[in-house]
>>> print(open('final12.txt').read())   # compact mmCIF, C-alpha atoms and all ligand atoms
# COMPACT_ATOMS: atom_id res chain seq x y z
CA MET A 107 -9.17 -0.64 23.33
CA LYS A 108 -10.33 -0.35 19.71
CA ARG A 109 -9.21 -3.50 17.88
CA ALA A 110 -9.85 -4.12 14.17
CA ILE A 111 -9.31 -6.94 11.72
CA TYR A 112 -8.08 -6.29 8.20
CA PRO A 113 -9.04 -9.54 6.45
CA GLY A 114 -8.06 -10.82 3.03
CA THR A 115 -6.37 -13.41 0.90
CA PHE A 116 -3.13 -11.42 0.45
CA ASP A 117 -1.76 -13.66 -2.30
CA PRO A 118 0.55 -11.73 -2.21
CA ILE A 119 0.39 -8.55 -0.12
CA THR A 120 0.76 -5.40 -2.28
CA TYR A 121 1.60 -1.76 -1.60
CA GLY A 122 -2.17 -1.13 -1.85
CA HIS A 123 -2.79 -3.45 1.14
CA LEU A 124 0.13 -1.91 3.03
CA ASP A 125 -1.30 1.57 2.49
CA ILE A 126 -4.60 0.45 4.07
CA ILE A 127 -2.72 -1.25 6.93
CA GLU A 128 -0.64 1.85 7.65
CA ARG A 129 -3.62 4.18 7.62
CA SER A 130 -5.90 1.95 9.68
CA SER A 131 -3.14 1.28 12.23
CA ARG A 132 -3.32 5.02 12.97
CA ILE A 133 -7.09 4.85 13.51
CA PHE A 134 -7.24 1.77 15.78
CA ASP A 135 -5.30 0.86 18.91
CA GLU A 136 -4.56 -2.54 17.45
CA LEU A 137 -4.92 -3.95 13.97
CA ILE A 138 -4.85 -7.65 13.15
CA VAL A 139 -4.15 -8.60 9.55
CA GLY A 140 -6.23 -11.77 9.10
CA ILE A 141 -5.26 -14.14 6.30
CA LEU A 142 -8.14 -16.36 5.21
CA VAL A 143 -7.24 -20.04 4.95
CA ASN A 144 -9.39 -20.95 1.96
CA ASN A 145 -9.08 -24.60 1.04
CA SER A 146 -11.17 -24.21 -2.11
CA LYS A 147 -8.67 -21.82 -3.75
CA GLN A 148 -5.26 -22.83 -5.06
CA PRO A 149 -3.07 -19.92 -3.95
CA LEU A 150 0.37 -19.03 -5.29
CA PHE A 151 1.75 -18.71 -1.76
CA SER A 152 0.97 -20.99 1.18
CA VAL A 153 -0.60 -19.41 4.25
CA SER A 154 2.69 -19.60 6.16
CA GLU A 155 4.57 -17.94 3.28
CA ARG A 156 1.98 -15.15 3.16
CA GLU A 157 2.08 -14.77 6.93
CA GLU A 158 5.87 -14.47 6.89
CA MET A 159 5.88 -11.93 4.03
CA ILE A 160 3.24 -9.77 5.73
CA LYS A 161 5.03 -9.93 9.09
CA GLU A 162 8.21 -8.65 7.46
CA ALA A 163 6.34 -5.89 5.63
CA VAL A 164 4.57 -4.62 8.79
CA ALA A 165 7.49 -5.06 11.19
CA HIS A 166 7.85 -1.27 11.56
CA MET A 167 4.27 -0.88 12.88
CA ASN A 168 4.13 -1.92 16.50
CA ASN A 169 0.34 -2.14 16.86
CA VAL A 170 -0.12 -4.51 13.89
CA LYS A 171 -0.34 -8.30 14.32
CA VAL A 172 -0.60 -10.94 11.60
CA MET A 173 -2.70 -14.10 11.99
CA SER A 174 -4.48 -16.62 9.80
CA PHE A 175 -8.06 -17.81 10.24
CA HIS A 176 -10.47 -20.51 9.07
CA GLY A 177 -14.22 -20.16 8.75
CA LEU A 178 -16.32 -17.09 9.26
CA LEU A 179 -14.63 -13.72 9.54
CA VAL A 180 -17.02 -12.50 12.23
CA ASP A 181 -16.23 -15.57 14.39
CA PHE A 182 -12.54 -14.78 14.06
CA ALA A 183 -13.21 -11.13 14.94
CA ARG A 184 -15.17 -12.12 18.06
CA ALA A 185 -12.50 -14.60 19.11
CA GLN A 186 -9.97 -11.78 18.91
CA ASP A 187 -12.29 -9.36 20.72
CA ALA A 188 -12.32 -7.05 17.68
CA SER A 189 -15.41 -4.94 16.99
CA PHE A 190 -14.31 -3.58 13.63
CA LEU A 191 -13.43 -4.92 10.20
CA VAL A 192 -11.44 -2.82 7.74
CA ARG A 193 -11.74 -3.10 3.98
CA GLY A 194 -10.18 -1.05 1.20
CA LEU A 195 -12.30 0.25 -1.67
CA ARG A 196 -10.44 0.81 -4.93
CA ALA A 197 -13.16 1.62 -7.42
CA VAL A 198 -16.88 1.38 -7.90
CA THR A 199 -16.37 -2.18 -9.20
CA ASP A 200 -15.41 -3.25 -5.65
CA PHE A 201 -18.51 -1.71 -4.17
CA GLU A 202 -21.19 -4.31 -4.90
CA TYR A 203 -19.18 -7.23 -3.52
CA GLU A 204 -18.06 -5.25 -0.48
CA LEU A 205 -21.56 -4.03 0.27
CA GLN A 206 -22.98 -7.55 0.05
CA MET A 207 -20.24 -8.94 2.30
CA THR A 208 -20.63 -6.12 4.83
CA GLN A 209 -24.38 -6.40 4.98
CA THR A 210 -24.19 -10.17 5.39
CA ASN A 211 -21.67 -9.77 8.20
CA LYS A 212 -23.90 -7.16 9.84
CA VAL A 213 -26.92 -9.48 9.73
CA ILE A 214 -25.03 -12.38 11.30
CA ALA A 215 -23.01 -10.23 13.74
CA SER A 216 -24.70 -6.94 14.54
CA ASP A 217 -22.01 -6.09 17.12
CA ILE A 218 -19.32 -5.81 14.44
CA ASP A 219 -18.93 -2.83 12.10
CA THR A 220 -17.02 -2.57 8.83
CA ILE A 221 -15.02 0.56 8.12
CA PHE A 222 -14.02 1.32 4.52
CA LEU A 223 -10.94 3.25 3.51
CA THR A 224 -10.67 4.34 -0.09
CA THR A 225 -7.39 3.16 -1.54
CA SER A 226 -4.85 5.92 -2.22
CA LEU A 227 -5.07 7.05 -5.84
CA LYS A 228 -1.61 5.78 -6.70
CA TYR A 229 -2.65 2.21 -5.84
CA SER A 230 -6.25 2.27 -7.04
CA TYR A 231 -5.58 0.00 -10.04
CA LEU A 232 -3.50 -2.53 -8.11
CA SER A 233 -4.53 -6.12 -7.30
CA SER A 234 -2.77 -9.29 -6.17
CA SER A 235 -4.07 -11.15 -9.22
CA MET A 236 -2.54 -8.55 -11.56
CA VAL A 237 0.76 -8.84 -9.70
CA ARG A 238 0.69 -12.65 -10.04
CA GLU A 239 -0.04 -12.40 -13.75
CA LEU A 240 2.73 -9.87 -14.39
CA ALA A 241 5.21 -11.92 -12.38
CA SER A 242 4.28 -15.11 -14.23
CA PHE A 243 5.39 -13.42 -17.47
CA GLY A 244 8.61 -12.18 -15.90
CA ALA A 245 7.60 -8.49 -15.66
CA ASP A 246 9.14 -6.23 -13.02
CA ILE A 247 6.72 -6.03 -10.08
CA SER A 248 8.94 -4.06 -7.71
CA ARG A 249 6.69 -0.96 -7.98
CA PHE A 250 3.69 -2.93 -6.77
CA VAL A 251 4.86 -5.07 -3.84
CA PRO A 252 7.35 -4.76 -0.97
CA GLU A 253 10.90 -5.82 -1.68
CA ASN A 254 10.69 -9.12 0.26
CA VAL A 255 7.65 -10.09 -1.85
CA THR A 256 9.44 -9.28 -5.11
CA ARG A 257 12.24 -11.63 -4.07
CA LYS A 258 9.88 -14.42 -3.03
CA ILE A 259 7.77 -14.20 -6.17
CA LYS A 260 10.87 -14.31 -8.37
CA ASP A 261 12.05 -17.45 -6.54
CA LYS A 262 8.62 -19.01 -6.95
CA TYR A 263 8.49 -18.58 -10.71
CA LYS A 264 12.16 -19.59 -11.08
CA VAL A 265 11.37 -22.86 -9.32
CA GLU A 266 8.09 -23.50 -11.13
CA ASN A 267 9.16 -22.58 -14.69
O1 LIG B 1 -8.91 -10.35 -0.21
P1 LIG B 1 -10.27 -10.93 -0.45
O2 LIG B 1 -10.15 -12.28 -1.12
O3 LIG B 1 -11.18 -9.99 -1.18
O4 LIG B 1 -10.92 -11.18 1.02
C1 LIG B 1 -12.18 -11.78 1.15
C2 LIG B 1 -12.46 -12.16 2.60
C3 LIG B 1 -11.36 -13.01 3.19
C4 LIG B 1 -12.59 -10.89 3.44
C5 LIG B 1 -13.83 -12.92 2.63
O5 LIG B 1 -13.81 -13.93 1.67
C6 LIG B 1 -14.17 -13.54 3.98
O6 LIG B 1 -14.39 -12.85 4.93
N1 LIG B 1 -14.19 -14.88 4.03
C7 LIG B 1 -14.45 -15.62 5.25
C8 LIG B 1 -15.81 -16.32 5.17
C9 LIG B 1 -16.93 -15.42 5.64
O7 LIG B 1 -16.90 -14.86 6.72
N2 LIG B 1 -17.97 -15.27 4.78
C10 LIG B 1 -19.15 -14.47 5.11
C11 LIG B 1 -19.02 -13.05 4.62
S1 LIG B 1 -19.65 -12.93 3.01
>>> encode(input="final12.txt", output="structure tokens", more="lines below")
Ligand code: PNS
Amino acid sequence: MKRAIYPGTFDPITYGHLDIIERSSRIFDELIVGILVNNSKQPLFSVSEREEMIKEAVAHMNNVKVMSFHGLLVDFARAQDASFLVRGLRAVTDFEYELQMTQTNKVIASDIDTIFLTTSLKYSYLSSSMVRELASFGADISRFVPENVTRKIKDKYKVEN
């Protein structure tokens, strides 16, 4: 059984993330979307909100699970018996950070490999931070995120503004 983790912050999940999830769910027997619980960052959405949004967005893929994790990614991967990590690469600007992270993970956990998928061209500019910024100014973000996320983000800024 080839099990992989697709880790990230997902604040919020975008069509770019979903594209990577869909494609990697066809490569692996099981894919776990792992949401990092990062207490040093102030996210727009709580972990449980992000978990719920991602679960709705991946409901049509029956080999994809959604979980959150604390601490080291490789510890989470081992606890889930996953030998692979999946990351998306959008542009060369992602490369340095991704390489450093992957090499660090390889040094501390040589049994775990990272697989990179290049983001589909139509989503190569997309990021969660850009979506948050656009939404905060009331721009239409429906081209960038699943419908349930568009609704949630609208509610969030309605409440906060
Ligand atoms: O979506 P992001 O924010 O680019 O994802 C980054 C993430 C969650 C993959 C990374 O920060 C991570 O793995 N954090 C867990 C802590 C860890 O394992 N650090 C060592 C690797 S550098």
>>> residues_near_ligand(input="final12.txt", ligand="ligand LIG 1 (chain B)", cutoff="9 Å", atoms="all atoms listed in the file", output="number ranges by chain")
A: 112-117, 140-144, 175-182, 193, 203-204, 206-211, 214, 234
>>> write_last_selection(input="final12.txt", atoms="C-alpha atoms", output="PDB file, in the coordinates of the input")
ATOM      1  CA  TYR A 112      -8.080  -6.290   8.200  1.00  0.00           C
ATOM      2  CA  PRO A 113      -9.040  -9.540   6.450  1.00  0.00           C
ATOM      3  CA  GLY A 114      -8.060 -10.820   3.030  1.00  0.00           C
ATOM      4  CA  THR A 115      -6.370 -13.410   0.900  1.00  0.00           C
ATOM      5  CA  PHE A 116      -3.130 -11.420   0.450  1.00  0.00           C
ATOM      6  CA  ASP A 117      -1.760 -13.660  -2.300  1.00  0.00           C
ATOM      7  CA  GLY A 140      -6.230 -11.770   9.100  1.00  0.00           C
ATOM      8  CA  ILE A 141      -5.260 -14.140   6.300  1.00  0.00           C
ATOM      9  CA  LEU A 142      -8.140 -16.360   5.210  1.00  0.00           C
ATOM     10  CA  VAL A 143      -7.240 -20.040   4.950  1.00  0.00           C
ATOM     11  CA  ASN A 144      -9.390 -20.950   1.960  1.00  0.00           C
ATOM     12  CA  PHE A 175      -8.060 -17.810  10.240  1.00  0.00           C
ATOM     13  CA  HIS A 176     -10.470 -20.510   9.070  1.00  0.00           C
ATOM     14  CA  GLY A 177     -14.220 -20.160   8.750  1.00  0.00           C
ATOM     15  CA  LEU A 178     -16.320 -17.090   9.260  1.00  0.00           C
ATOM     16  CA  LEU A 179     -14.630 -13.720   9.540  1.00  0.00           C
ATOM     17  CA  VAL A 180     -17.020 -12.500  12.230  1.00  0.00           C
ATOM     18  CA  ASP A 181     -16.230 -15.570  14.390  1.00  0.00           C
ATOM     19  CA  PHE A 182     -12.540 -14.780  14.060  1.00  0.00           C
ATOM     20  CA  ARG A 193     -11.740  -3.100   3.980  1.00  0.00           C
ATOM     21  CA  TYR A 203     -19.180  -7.230  -3.520  1.00  0.00           C
ATOM     22  CA  GLU A 204     -18.060  -5.250  -0.480  1.00  0.00           C
ATOM     23  CA  GLN A 206     -22.980  -7.550   0.050  1.00  0.00           C
ATOM     24  CA  MET A 207     -20.240  -8.940   2.300  1.00  0.00           C
ATOM     25  CA  THR A 208     -20.630  -6.120   4.830  1.00  0.00           C
ATOM     26  CA  GLN A 209     -24.380  -6.400   4.980  1.00  0.00           C
ATOM     27  CA  THR A 210     -24.190 -10.170   5.390  1.00  0.00           C
ATOM     28  CA  ASN A 211     -21.670  -9.770   8.200  1.00  0.00           C
ATOM     29  CA  ILE A 214     -25.030 -12.380  11.300  1.00  0.00           C
ATOM     30  CA  SER A 234      -2.770  -9.290  -6.170  1.00  0.00           C
TER      31      SER A 234
END
>>> atom_distance(input="final12.txt", atom1="atom CA of Val237 of chain A", atom2="atom CA of Thr120 of chain A")
8.2 Å
>>> closest_residue(input="final12.txt", among="A:Gln186, A:Ser174, A:Asn169, A:Asn254", to="Ile133 of chain A", atoms="only C-alpha atoms")
A:Asn169
>>> atom_distance(input="final12.txt", atom1="atom CA of Ala188 of chain A", atom2="atom CA of Ile111 of chain A")
6.7 Å
>>> closest_residue(input="final12.txt", among="A:Ile218, A:Ala110, A:Leu205, A:Leu223", to="Ile126 of chain A", atoms="all atoms listed in the file")
A:Leu223
